[in-house]
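Participant: So here's model-v6.pdb (PDB, C-alpha atoms, pLDDT in the B column).
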```pdb
ATOM      1  CA  MET A   1      40.666 -29.197 -33.809  1.00 56.00           C
ATOM      2  CA  SER A   2      41.059 -31.158 -30.574  1.00 56.00           C
ATOM      3  CA  THR A   3      40.219 -34.848 -30.251  1.00 51.00           C
ATOM      4  CA  ARG A   4      37.153 -33.947 -28.171  1.00 52.00           C
ATOM      5  CA  GLN A   5      35.900 -31.486 -30.802  1.00 51.00           C
ATOM      6  CA  LEU A   6      36.423 -34.067 -33.555  1.00 42.00           C
ATOM      7  CA  PHE A   7      34.436 -36.600 -31.551  1.00 44.00           C
ATOM      8  CA  ASN A   8      31.569 -34.147 -31.115  1.00 51.00           C
ATOM      9  CA  VAL A   9      31.485 -33.392 -34.856  1.00 43.00           C
ATOM     10  CA  LEU A  10      31.456 -37.078 -35.773  1.00 41.00           C
ATOM     11  CA  THR A  11      28.684 -37.732 -33.244  1.00 48.00           C
ATOM     12  CA  LEU A  12      26.568 -34.914 -34.685  1.00 45.00           C
ATOM     13  CA  CYS A  13      27.078 -36.334 -38.168  1.00 44.00           C
ATOM     14  CA  SER A  14      25.983 -39.722 -36.899  1.00 48.00           C
ATOM     15  CA  GLY A  15      22.739 -38.235 -35.573  1.00 49.00           C
ATOM     16  CA  THR A  16      22.121 -36.468 -38.867  1.00 44.00           C
ATOM     17  CA  VAL A  17      22.749 -39.678 -40.806  1.00 40.00           C
ATOM     18  CA  SER A  18      20.274 -41.455 -38.553  1.00 45.00           C
ATOM     19  CA  LEU A  19      17.588 -38.902 -39.410  1.00 40.00           C
ATOM     20  CA  VAL A  20      18.408 -39.055 -43.108  1.00 41.00           C
ATOM     21  CA  SER A  21      18.305 -42.844 -42.985  1.00 43.00           C
ATOM     22  CA  ALA A  22      14.904 -42.679 -41.313  1.00 41.00           C
ATOM     23  CA  ALA A  23      13.578 -40.343 -43.989  1.00 42.00           C
ATOM     24  CA  THR A  24      14.991 -42.564 -46.723  1.00 42.00           C
ATOM     25  CA  LEU A  25      13.372 -45.660 -45.261  1.00 40.00           C
ATOM     26  CA  LEU A  26      10.083 -43.828 -44.843  1.00 41.00           C
ATOM     27  CA  SER A  27      10.047 -42.967 -48.525  1.00 42.00           C
ATOM     28  CA  ALA A  28      10.906 -46.502 -49.603  1.00 43.00           C
ATOM     29  CA  ASN A  29       8.049 -48.452 -51.141  1.00 42.00           C
ATOM     30  CA  PRO A  30       7.946 -52.043 -49.854  1.00 44.00           C
ATOM     31  CA  ALA A  31       5.296 -52.909 -52.441  1.00 43.00           C
ATOM     32  CA  LEU A  32       6.118 -54.138 -55.908  1.00 61.00           C
ATOM     33  CA  ALA A  33       4.858 -51.098 -57.774  1.00 83.00           C
ATOM     34  CA  ILE A  34       2.847 -51.186 -60.969  1.00 94.00           C
ATOM     35  CA  VAL A  35       5.257 -51.567 -63.895  1.00 97.00           C
ATOM     36  CA  ASN A  36       4.906 -49.345 -66.976  1.00 98.00           C
ATOM     37  CA  GLY A  37       1.836 -47.673 -65.504  1.00 98.00           C
ATOM     38  CA  SER A  38       2.065 -44.756 -67.945  1.00 98.00           C
ATOM     39  CA  PHE A  39       2.880 -47.000 -70.928  1.00 98.00           C
ATOM     40  CA  GLU A  40       6.059 -45.007 -71.553  1.00 98.00           C
ATOM     41  CA  THR A  41       7.752 -48.029 -73.139  1.00 98.00           C
ATOM     42  CA  GLY A  42       5.419 -47.391 -76.072  1.00 98.00           C
ATOM     43  CA  ASP A  43       3.851 -50.828 -75.639  1.00 98.00           C
ATOM     44  CA  PHE A  44       1.958 -52.892 -73.053  1.00 98.00           C
ATOM     45  CA  THR A  45       4.946 -54.677 -71.473  1.00 97.00           C
ATOM     46  CA  PRO A  46       4.324 -56.282 -68.919  1.00 98.00           C
ATOM     47  CA  TRP A  47       0.541 -55.815 -69.089  1.00 98.00           C
ATOM     48  CA  ALA A  48      -1.548 -58.726 -70.380  1.00 98.00           C
ATOM     49  CA  THR A  49      -4.129 -57.676 -72.979  1.00 98.00           C
ATOM     50  CA  ILE A  50      -7.241 -59.094 -74.595  1.00 98.00           C
ATOM     51  CA  GLY A  51      -9.418 -57.696 -77.381  1.00 98.00           C
ATOM     52  CA  ASP A  52      -8.821 -54.430 -79.230  1.00 98.00           C
ATOM     53  CA  THR A  53      -6.044 -52.551 -77.405  1.00 98.00           C
ATOM     54  CA  SER A  54      -3.508 -49.984 -78.609  1.00 98.00           C
ATOM     55  CA  ILE A  55      -1.024 -47.379 -77.411  1.00 98.00           C
ATOM     56  CA  GLU A  56      -1.880 -43.787 -78.317  1.00 98.00           C
ATOM     57  CA  THR A  57      -0.198 -40.368 -78.134  1.00 98.00           C
ATOM     58  CA  GLU A  58      -1.607 -36.840 -77.962  1.00 98.00           C
ATOM     59  CA  ALA A  59      -2.374 -37.152 -81.687  1.00 98.00           C
ATOM     60  CA  PHE A  60      -5.394 -39.238 -80.652  1.00 98.00           C
ATOM     61  CA  GLY A  61      -7.122 -36.031 -79.546  1.00 98.00           C
ATOM     62  CA  SER A  62      -7.351 -36.534 -75.765  1.00 98.00           C
ATOM     63  CA  GLY A  63      -4.562 -37.098 -73.229  1.00 98.00           C
ATOM     64  CA  PRO A  64      -2.155 -38.437 -72.232  1.00 98.00           C
ATOM     65  CA  THR A  65      -2.153 -37.223 -68.631  1.00 98.00           C
ATOM     66  CA  ASP A  66       1.380 -38.399 -67.881  1.00 98.00           C
ATOM     67  CA  GLY A  67       4.287 -38.665 -70.313  1.00 98.00           C
ATOM     68  CA  ASP A  68       3.890 -39.269 -74.037  1.00 98.00           C
ATOM     69  CA  PHE A  69       1.762 -42.416 -74.176  1.00 98.00           C
ATOM     70  CA  GLN A  70      -1.557 -43.828 -72.972  1.00 98.00           C
ATOM     71  CA  ALA A  71      -3.560 -47.028 -73.450  1.00 98.00           C
ATOM     72  CA  LEU A  72      -6.766 -47.243 -75.499  1.00 98.00           C
ATOM     73  CA  LEU A  73      -9.212 -50.126 -75.068  1.00 98.00           C
ATOM     74  CA  SER A  74     -12.159 -50.283 -77.440  1.00 98.00           C
ATOM     75  CA  THR A  75     -15.162 -52.375 -78.433  1.00 97.00           C
ATOM     76  CA  ASP A  76     -14.250 -52.040 -82.092  1.00 95.00           C
ATOM     77  CA  PHE A  77     -13.053 -54.798 -84.427  1.00 94.00           C
ATOM     78  CA  GLY A  78     -10.961 -57.308 -82.503  1.00 96.00           C
ATOM     79  CA  SER A  79     -12.945 -57.092 -79.252  1.00 97.00           C
ATOM     80  CA  VAL A  80     -13.946 -60.418 -77.679  1.00 97.00           C
ATOM     81  CA  PRO A  81     -17.017 -61.942 -75.935  1.00 97.00           C
ATOM     82  CA  VAL A  82     -17.706 -61.148 -72.270  1.00 95.00           C
ATOM     83  CA  SER A  83     -17.059 -64.761 -71.228  1.00 96.00           C
ATOM     84  CA  ASP A  84     -13.512 -64.557 -72.579  1.00 98.00           C
ATOM     85  CA  ILE A  85     -12.801 -61.405 -70.579  1.00 97.00           C
ATOM     86  CA  GLU A  86     -14.261 -62.829 -67.360  1.00 97.00           C
ATOM     87  CA  THR A  87     -11.962 -65.836 -67.774  1.00 97.00           C
ATOM     88  CA  PHE A  88      -9.015 -63.562 -68.621  1.00 98.00           C
ATOM     89  CA  LEU A  89      -9.531 -61.535 -65.430  1.00 97.00           C
ATOM     90  CA  GLY A  90     -10.326 -64.544 -63.227  1.00 96.00           C
ATOM     91  CA  LEU A  91     -13.886 -63.335 -62.600  1.00 96.00           C
ATOM     92  CA  THR A  92     -16.936 -65.460 -61.878  1.00 93.00           C
ATOM     93  CA  ALA A  93     -19.257 -65.866 -64.859  1.00 93.00           C
ATOM     94  CA  GLY A  94     -21.824 -63.070 -64.815  1.00 91.00           C
ATOM     95  CA  SER A  95     -19.667 -60.686 -62.775  1.00 91.00           C
ATOM     96  CA  LEU A  96     -19.631 -58.098 -65.557  1.00 93.00           C
ATOM     97  CA  ALA A  97     -23.415 -58.052 -65.906  1.00 90.00           C
ATOM     98  CA  THR A  98     -24.094 -56.956 -62.310  1.00 88.00           C
ATOM     99  CA  ILE A  99     -22.079 -53.875 -61.344  1.00 89.00           C
ATOM    100  CA  PRO A 100     -23.602 -52.201 -58.240  1.00 85.00           C
ATOM    101  CA  ASN A 101     -22.622 -48.609 -59.037  1.00 88.00           C
ATOM    102  CA  LEU A 102     -23.803 -48.923 -62.666  1.00 89.00           C
ATOM    103  CA  PRO A 103     -27.383 -50.146 -62.098  1.00 84.00           C
ATOM    104  CA  ASN A 104     -28.510 -49.706 -65.703  1.00 80.00           C
ATOM    105  CA  VAL A 105     -25.932 -52.054 -67.182  1.00 80.00           C
ATOM    106  CA  GLY A 106     -27.675 -54.850 -69.047  1.00 80.00           C
ATOM    107  CA  THR A 107     -26.060 -57.697 -70.959  1.00 88.00           C
ATOM    108  CA  PRO A 108     -22.456 -57.008 -71.998  1.00 93.00           C
ATOM    109  CA  THR A 109     -21.631 -58.454 -75.402  1.00 93.00           C
ATOM    110  CA  GLU A 110     -18.017 -57.808 -76.417  1.00 96.00           C
ATOM    111  CA  GLY A 111     -15.122 -55.729 -75.227  1.00 97.00           C
ATOM    112  CA  SER A 112     -11.449 -55.439 -74.349  1.00 98.00           C
ATOM    113  CA  ALA A 113      -9.317 -55.369 -71.203  1.00 98.00           C
ATOM    114  CA  ILE A 114      -5.810 -55.169 -69.764  1.00 98.00           C
ATOM    115  CA  GLN A 115      -4.468 -56.811 -66.617  1.00 98.00           C
ATOM    116  CA  GLN A 116      -1.415 -56.691 -64.339  1.00 98.00           C
ATOM    117  CA  THR A 117      -0.612 -58.569 -61.115  1.00 97.00           C
ATOM    118  CA  PHE A 118       1.357 -56.861 -58.321  1.00 96.00           C
ATOM    119  CA  THR A 119       1.999 -56.928 -54.567  1.00 95.00           C
ATOM    120  CA  ALA A 120       0.483 -54.309 -52.245  1.00 96.00           C
ATOM    121  CA  HIS A 121       0.426 -53.729 -48.502  1.00 96.00           C
ATOM    122  CA  ALA A 122      -2.445 -52.620 -46.291  1.00 96.00           C
ATOM    123  CA  GLY A 123      -2.821 -48.863 -46.658  1.00 96.00           C
ATOM    124  CA  ASP A 124      -1.245 -48.671 -50.130  1.00 97.00           C
ATOM    125  CA  ILE A 125      -3.213 -46.576 -52.627  1.00 97.00           C
ATOM    126  CA  LEU A 126      -3.805 -47.492 -56.258  1.00 98.00           C
ATOM    127  CA  THR A 127      -4.701 -44.635 -58.625  1.00 98.00           C
ATOM    128  CA  PHE A 128      -5.099 -44.135 -62.363  1.00 98.00           C
ATOM    129  CA  ASP A 129      -6.596 -41.688 -64.861  1.00 98.00           C
ATOM    130  CA  TRP A 130      -9.393 -42.750 -67.234  1.00 98.00           C
ATOM    131  CA  ASN A 131     -11.545 -41.274 -69.998  1.00 98.00           C
ATOM    132  CA  PHE A 132     -14.639 -43.116 -71.266  1.00 98.00           C
ATOM    133  CA  LEU A 133     -15.525 -42.437 -74.918  1.00 98.00           C
ATOM    134  CA  THR A 134     -18.523 -43.553 -76.972  1.00 97.00           C
ATOM    135  CA  ASP A 135     -20.352 -43.401 -80.281  1.00 95.00           C
ATOM    136  CA  GLU A 136     -23.608 -44.528 -78.639  1.00 92.00           C
ATOM    137  CA  SER A 137     -26.464 -42.058 -78.195  1.00 82.00           C
ATOM    138  CA  THR A 138     -26.469 -40.519 -74.726  1.00 76.00           C
ATOM    139  CA  SER A 139     -29.665 -38.502 -75.229  1.00 66.00           C
ATOM    140  CA  PHE A 140     -31.946 -41.155 -73.702  1.00 58.00           C
ATOM    141  CA  SER A 141     -32.328 -41.769 -69.961  1.00 55.00           C
ATOM    142  CA  PRO A 142     -31.533 -44.503 -69.328  1.00 55.00           C
ATOM    143  CA  ALA A 143     -29.458 -45.071 -72.453  1.00 54.00           C
ATOM    144  CA  VAL A 144     -30.826 -47.669 -74.883  1.00 65.00           C
ATOM    145  CA  PHE A 145     -27.451 -49.336 -75.353  1.00 78.00           C
ATOM    146  CA  ASN A 146     -25.550 -48.781 -72.150  1.00 89.00           C
ATOM    147  CA  ASP A 147     -21.906 -49.409 -73.041  1.00 95.00           C
ATOM    148  CA  PHE A 148     -19.682 -49.173 -69.969  1.00 96.00           C
ATOM    149  CA  SER A 149     -16.148 -49.223 -68.561  1.00 97.00           C
ATOM    150  CA  PHE A 150     -14.988 -50.955 -65.389  1.00 97.00           C
ATOM    151  CA  VAL A 151     -12.121 -51.863 -63.080  1.00 98.00           C
ATOM    152  CA  SER A 152     -11.593 -55.139 -61.227  1.00 97.00           C
ATOM    153  CA  ILE A 153      -9.327 -55.561 -58.196  1.00 97.00           C
ATOM    154  CA  ALA A 154      -8.948 -58.886 -56.417  1.00 87.00           C
ATOM    155  CA  LYS A 155     -11.969 -60.228 -58.340  1.00 86.00           C
ATOM    156  CA  MET A 156     -14.186 -57.355 -57.188  1.00 92.00           C
ATOM    157  CA  VAL A 157     -15.717 -55.260 -59.974  1.00 95.00           C
ATOM    158  CA  ASP A 158     -16.425 -51.523 -59.851  1.00 95.00           C
ATOM    159  CA  GLY A 159     -17.846 -49.375 -62.647  1.00 96.00           C
ATOM    160  CA  LEU A 160     -16.029 -46.339 -64.013  1.00 98.00           C
ATOM    161  CA  ALA A 161     -18.672 -44.859 -66.339  1.00 96.00           C
ATOM    162  CA  ASP A 162     -21.429 -45.837 -68.777  1.00 94.00           C
ATOM    163  CA  THR A 163     -23.443 -44.064 -71.439  1.00 93.00           C
ATOM    164  CA  ASN A 164     -25.718 -42.662 -68.715  1.00 90.00           C
ATOM    165  CA  SER A 165     -22.847 -40.576 -67.335  1.00 93.00           C
ATOM    166  CA  PRO A 166     -23.556 -36.842 -66.876  1.00 93.00           C
ATOM    167  CA  LEU A 167     -19.910 -36.090 -67.661  1.00 95.00           C
ATOM    168  CA  PHE A 168     -20.074 -36.372 -71.456  1.00 95.00           C
ATOM    169  CA  ILE A 169     -18.693 -33.606 -73.637  1.00 96.00           C
ATOM    170  CA  THR A 170     -18.013 -33.436 -77.365  1.00 97.00           C
ATOM    171  CA  SER A 171     -14.849 -35.330 -78.163  1.00 97.00           C
ATOM    172  CA  LEU A 172     -11.996 -34.317 -80.444  1.00 97.00           C
ATOM    173  CA  THR A 173     -11.108 -37.990 -80.915  1.00 98.00           C
ATOM    174  CA  ARG A 174     -12.586 -40.458 -83.415  1.00 97.00           C
ATOM    175  CA  PHE A 175     -15.409 -41.005 -80.899  1.00 97.00           C
ATOM    176  CA  PHE A 176     -18.354 -38.591 -80.737  1.00 96.00           C
ATOM    177  CA  GLN A 177     -18.336 -38.022 -76.968  1.00 97.00           C
ATOM    178  CA  GLU A 178     -16.077 -38.472 -73.952  1.00 98.00           C
ATOM    179  CA  THR A 179     -16.258 -37.971 -70.192  1.00 98.00           C
ATOM    180  CA  GLY A 180     -12.885 -36.247 -70.101  1.00 98.00           C
ATOM    181  CA  PHE A 181     -10.183 -37.632 -67.830  1.00 98.00           C
ATOM    182  CA  GLN A 182     -11.269 -38.645 -64.340  1.00 98.00           C
ATOM    183  CA  SER A 183      -9.320 -40.195 -61.453  1.00 98.00           C
ATOM    184  CA  PHE A 184      -9.832 -43.591 -59.818  1.00 98.00           C
ATOM    185  CA  SER A 185      -8.485 -44.359 -56.336  1.00 98.00           C
ATOM    186  CA  TYR A 186      -8.515 -47.545 -54.255  1.00 97.00           C
ATOM    187  CA  THR A 187      -6.972 -48.129 -50.796  1.00 97.00           C
ATOM    188  CA  PHE A 188      -5.954 -51.687 -49.923  1.00 97.00           C
ATOM    189  CA  GLU A 189      -7.248 -52.966 -46.584  1.00 95.00           C
ATOM    190  CA  THR A 190      -5.033 -56.059 -46.566  1.00 96.00           C
ATOM    191  CA  SER A 191      -1.616 -57.058 -47.871  1.00 96.00           C
ATOM    192  CA  GLY A 192      -1.049 -59.597 -50.618  1.00 95.00           C
ATOM    193  CA  SER A 193      -0.839 -60.240 -54.330  1.00 95.00           C
ATOM    194  CA  PHE A 194      -3.553 -58.547 -56.370  1.00 97.00           C
ATOM    195  CA  SER A 195      -4.744 -58.530 -59.974  1.00 97.00           C
ATOM    196  CA  LEU A 196      -5.795 -55.231 -61.539  1.00 98.00           C
ATOM    197  CA  GLY A 197      -8.085 -55.413 -64.543  1.00 98.00           C
ATOM    198  CA  ILE A 198      -9.437 -52.475 -66.556  1.00 98.00           C
ATOM    199  CA  GLY A 199     -11.851 -52.823 -69.456  1.00 98.00           C
ATOM    200  CA  VAL A 200     -14.656 -51.555 -71.660  1.00 98.00           C
ATOM    201  CA  PHE A 201     -17.793 -53.265 -73.063  1.00 96.00           C
ATOM    202  CA  ASP A 202     -20.573 -52.938 -75.593  1.00 95.00           C
ATOM    203  CA  GLU A 203     -23.956 -53.603 -73.996  1.00 91.00           C
ATOM    204  CA  ASP A 204     -26.709 -55.492 -75.866  1.00 82.00           C
ATOM    205  CA  ASP A 205     -25.600 -54.367 -79.347  1.00 77.00           C
ATOM    206  CA  THR A 206     -22.328 -54.267 -81.272  1.00 78.00           C
ATOM    207  CA  ALA A 207     -23.248 -51.610 -83.822  1.00 82.00           C
ATOM    208  CA  PHE A 208     -21.615 -48.570 -82.183  1.00 92.00           C
ATOM    209  CA  SER A 209     -18.262 -48.622 -80.448  1.00 95.00           C
ATOM    210  CA  SER A 210     -17.044 -47.264 -77.131  1.00 97.00           C
ATOM    211  CA  GLY A 211     -13.532 -46.846 -75.790  1.00 98.00           C
ATOM    212  CA  LEU A 212     -11.519 -46.229 -72.644  1.00 98.00           C
ATOM    213  CA  LEU A 213      -8.264 -44.286 -72.315  1.00 98.00           C
ATOM    214  CA  ILE A 214      -6.020 -45.256 -69.382  1.00 98.00           C
ATOM    215  CA  ASP A 215      -2.905 -43.493 -68.087  1.00 98.00           C
ATOM    216  CA  ASN A 216      -0.790 -42.840 -64.990  1.00 98.00           C
ATOM    217  CA  VAL A 217      -1.474 -46.103 -63.124  1.00 98.00           C
ATOM    218  CA  GLU A 218       0.388 -45.811 -59.806  1.00 97.00           C
ATOM    219  CA  LEU A 219       0.723 -47.676 -56.511  1.00 97.00           C
ATOM    220  CA  THR A 220       1.642 -45.375 -53.618  1.00 95.00           C
ATOM    221  CA  SER A 221       2.939 -46.945 -50.414  1.00 91.00           C
ATOM    222  CA  VAL A 222       1.915 -45.608 -47.004  1.00 80.00           C
ATOM    223  CA  PRO A 223       4.396 -46.663 -44.248  1.00 74.00           C
ATOM    224  CA  GLU A 224       2.930 -48.437 -41.251  1.00 60.00           C
ATOM    225  CA  PRO A 225       2.645 -46.266 -38.072  1.00 58.00           C
ATOM    226  CA  ALA A 226       4.908 -48.615 -36.079  1.00 50.00           C
ATOM    227  CA  SER A 227       7.624 -48.284 -38.706  1.00 48.00           C
ATOM    228  CA  ILE A 228       7.351 -44.494 -38.694  1.00 46.00           C
ATOM    229  CA  LEU A 229       7.656 -44.284 -34.907  1.00 47.00           C
ATOM    230  CA  GLY A 230      10.586 -46.674 -34.848  1.00 49.00           C
ATOM    231  CA  LEU A 231      12.527 -44.827 -37.517  1.00 46.00           C
ATOM    232  CA  LEU A 232      11.872 -41.415 -35.973  1.00 46.00           C
ATOM    233  CA  ALA A 233      12.973 -42.732 -32.601  1.00 48.00           C
ATOM    234  CA  LEU A 234      16.187 -43.996 -34.193  1.00 46.00           C
ATOM    235  CA  GLY A 235      16.907 -40.603 -35.685  1.00 50.00           C
ATOM    236  CA  ALA A 236      16.033 -38.762 -32.472  1.00 49.00           C
ATOM    237  CA  LEU A 237      18.297 -41.081 -30.479  1.00 49.00           C
ATOM    238  CA  GLY A 238      21.250 -40.277 -32.706  1.00 52.00           C
ATOM    239  CA  THR A 239      20.638 -36.529 -32.491  1.00 49.00           C
ATOM    240  CA  GLY A 240      20.020 -36.621 -28.729  1.00 53.00           C
ATOM    241  CA  THR A 241      23.282 -38.489 -28.180  1.00 51.00           C
ATOM    242  CA  ALA A 242      25.148 -35.897 -30.192  1.00 48.00           C
ATOM    243  CA  PHE A 243      23.853 -32.951 -28.136  1.00 44.00           C
ATOM    244  CA  LYS A 244      24.468 -34.804 -24.931  1.00 51.00           C
ATOM    245  CA  LYS A 245      28.090 -35.408 -25.873  1.00 48.00           C
ATOM    246  CA  LYS A 246      28.478 -31.788 -26.938  1.00 50.00           C
ATOM    247  CA  THR A 247      27.317 -30.397 -23.581  1.00 50.00           C
ATOM    248  CA  ALA A 248      29.159 -32.948 -21.450  1.00 50.00           C
TER     249      ALA A 248
END
```
Could you write out this structure as structure tokens?

Facilitator:
Amino acid sequence: MSTRQLFNVLTLCSGTVSLVSAATLLSANPALAIVNGSFETGDFTPWATIGDTSIETEAFGSGPTDGDFQALLSTDFGSVPVSDIETFLGLTAGSLATIPNLPNVGTPTEGSAIQQTFTAHAGDILTFDWNFLTDESTSFSPAVFNDFSFVSIAKMVDGLADTNSPLFITSLTRFFQETGFQSFSYTFETSGSFSLGIGVFDEDDTAFSSGLLIDNVELTSVPEPASILGLLALGALGTGTAFKKKTA
């Protein structure tokens, strides 16, 4: 191989490396992803917990949706008053009694929650799988005791499901009914540090319990358009230089 041929080969390799580098950088996640989002450590590390929380396997009768473990939050023995959970999640007093997409929620009494703080960038997408379970009667409309589950992000509260949900089916768990696993998705409009809270509550009474299974909590990063264009231009420049040298 002549010196000129060797130079051409090295230049082509350089262009290829530039493209590979661009692809690698595009796939990199600049956000500090959720840690132990599928609870595969077999515990809640590094999640903070309050109330009645446990780690369950498929022996529970529903799930998990990812890996071998999942989190269960319940309103059973060990659950705590609503004021304690609002303080735990950094929410304003009364936030968990007025949830716009669950209009029939009344006065929450006791429940449980988990929380994790992370960094996200604008455009990043947070997702997780959830299954709301209950021993309350769901035959009334609206339900007499409207137990519910919720998610809070950056001190904003959104409902997941309550005992008015049309999704209920007979459960093979220790609860009578469940919604089956559903998916939650949230896209961040701004960058910063955020607190994710997920929980479940009894409403008005404490006689019959409800629960919430959580699994596969993920933060997916979406590269900014300017970064994509810059990296692709870098790769194209390397490849273009290689072909130019080859035909010179």

Participant: Rank nothing, just name the residue among A:Ile55, A:Ile153, A:Ser165, A:Thr187 nearest to Asp43 in chain A, using all atoms listed in the file.

Facilitator: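 Nearest to Asp43 in chain A: A:Ile55.
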
Participant: Please report, as JSON lines, each residue of range 123-173 of chain A lying at most 9 Å from range 81-91 of chain A, together with the nearest pair of atoms and the separation in Å rounded to one decimal; use only C-alpha atoms, and order rows by chain and ascending residue number.

Facilitator:
```
{"residue": "A:Ser152", "atom": "CA", "partner": "A:Leu89", "partner_atom": "CA", "distance": 7.9}
{"residue": "A:Ala154", "atom": "CA", "partner": "A:Gly90", "partner_atom": "CA", "distance": 9.0}
{"residue": "A:Lys155", "atom": "CA", "partner": "A:Leu91", "partner_atom": "CA", "distance": 5.6}
{"residue": "A:Met156", "atom": "CA", "partner": "A:Leu91", "partner_atom": "CA", "distance": 8.1}
{"residue": "A:Val157", "atom": "CA", "partner": "A:Leu91", "partner_atom": "CA", "distance": 8.7}
```

Participant: Identify which of the residues A:Trp47, A:Phe168, A:Phe175, A:Phe39 lies closest to Ser209 in chain A, counting all atoms listed in the file when measuring atom-to-atom distances.

Facilitator: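 The shortest atom-to-atom distance to Ser209 in chain A comes from A:Phe175.
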
Participant: Can you tell me, as JSON, numbers by chain, what residues are no more than 10 Å from range 98-108 of chain A when counting only C-alpha atoms, ignoring any on the same chain fewer than 2 positions away?

Facilitator: {"A": [81, 82, 83, 94, 95, 96, 110, 111, 141, 142, 143, 144, 145, 146, 147, 148, 149, 150, 156, 157, 158, 159, 160, 161, 162, 163, 164, 165, 200, 201, 202, 203, 204, 205, 206]}

Participant: What does the distance between CA of Ile125 in chain A and CA of Phe181 in chain A come to in Å, to one decimal place?

Facilitator: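 CA of Phe181 in chain A lies 19.0 Å from CA of Ile125 in chain A.
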
Participant: Using all atoms listed in the file for the distances, tell me which of A:Ser79, A:Ser137, A:Thr170, A:Thr190 is nearest to Thr109 in chain A.

Facilitator: A:Ser79

Participant: How many Å lie between CA of Thr53 in chain A and CA of Phe69 in chain A, rounded to one decimal?

Facilitator: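 Taking CA of Thr53 in chain A as the start and CA of Phe69 in chain A as the end point, the length is 13.2 Å.
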
Participant: I'd like the interatomic distance between CA of Val35 in chain A and CA of Phe60 in chain A, to a tenth of an Å.

Facilitator: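 Separation between CA of Val35 in chain A and CA of Phe60 in chain A: 23.4 Å.
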
Participant: Translate the PyMOL selection byres ((chain A and resi 210) around 7) into a concrete residue list for this structure, as a short mmCIF file (atom, residue, chain, number, x, y, z; two decimals) with C-alpha atoms, in the frame of the given file.

Facilitator:
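part-v3.cif, written as the output of this step:
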```
data_model
loop_
_atom_site.label_atom_id
_atom_site.label_comp_id
_atom_site.auth_asym_id
_atom_site.auth_seq_id
_atom_site.Cartn_x
_atom_site.Cartn_y
_atom_site.Cartn_z
CA SER A 74 -12.16 -50.28 -77.44
CA THR A 75 -15.16 -52.38 -78.43
CA LEU A 133 -15.52 -42.44 -74.92
CA THR A 134 -18.52 -43.55 -76.97
CA ASP A 135 -20.35 -43.40 -80.28
CA ASP A 147 -21.91 -49.41 -73.04
CA ASP A 202 -20.57 -52.94 -75.59
CA PHE A 208 -21.62 -48.57 -82.18
CA SER A 209 -18.26 -48.62 -80.45
CA GLY A 211 -13.53 -46.85 -75.79
#
```

Participant: Take the PyMOL selection byres ((chain A and resi 42) around 10), run it mentally on this structure, and tell me the resulting residues as a compact mmCIF listing (two decimals) with C-alpha atoms, in the coordinates of the input.

Facilitator:
```txt
# COMPACT_ATOMS: atom_id res chain seq x y z
CA ASN A 36 4.91 -49.34 -66.98
CA SER A 38 2.06 -44.76 -67.94
CA PHE A 39 2.88 -47.00 -70.93
CA GLU A 40 6.06 -45.01 -71.55
CA THR A 41 7.75 -48.03 -73.14
CA ASP A 43 3.85 -50.83 -75.64
CA PHE A 44 1.96 -52.89 -73.05
CA THR A 45 4.95 -54.68 -71.47
CA SER A 54 -3.51 -49.98 -78.61
CA ILE A 55 -1.02 -47.38 -77.41
CA GLU A 56 -1.88 -43.79 -78.32
CA THR A 57 -0.20 -40.37 -78.13
CA ASP A 68 3.89 -39.27 -74.04
CA PHE A 69 1.76 -42.42 -74.18
CA GLN A 70 -1.56 -43.83 -72.97
CA ALA A 71 -3.56 -47.03 -73.45
```

Participant: Can you work out which one of A:Ala207, A:Ser62, A:Thr179, A:Leu212 has the shortest atom-to-atom distance to Phe77 in chain A, counting all atoms listed in the file?

Facilitator: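 Ranking A:Ala207, A:Ser62, A:Thr179, A:Leu212 by distance to Phe77 in chain A, first place goes to A:Ala207.
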
Participant: Kindly indicate which residue among A:Gly61, A:Gly78, A:Gly197, A:Gly51 lies nearest to Val151 in chain A, using all atoms listed in the file for the distances.

Facilitator: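 Looking at the shortest contact to Val151 in chain A, the residue is A:Gly197.
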
Participant: Kindly indicate which residue among A:Ile50, A:Ile169, A:Val217, A:Ala93 lies nearest to Trp130 in chain A, using all atoms listed in the file for the distances.

Facilitator: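 Of A:Ile50, A:Ile169, A:Val217, A:Ala93, the one nearest Trp130 in chain A is A:Val217, counting all atoms listed in the file.
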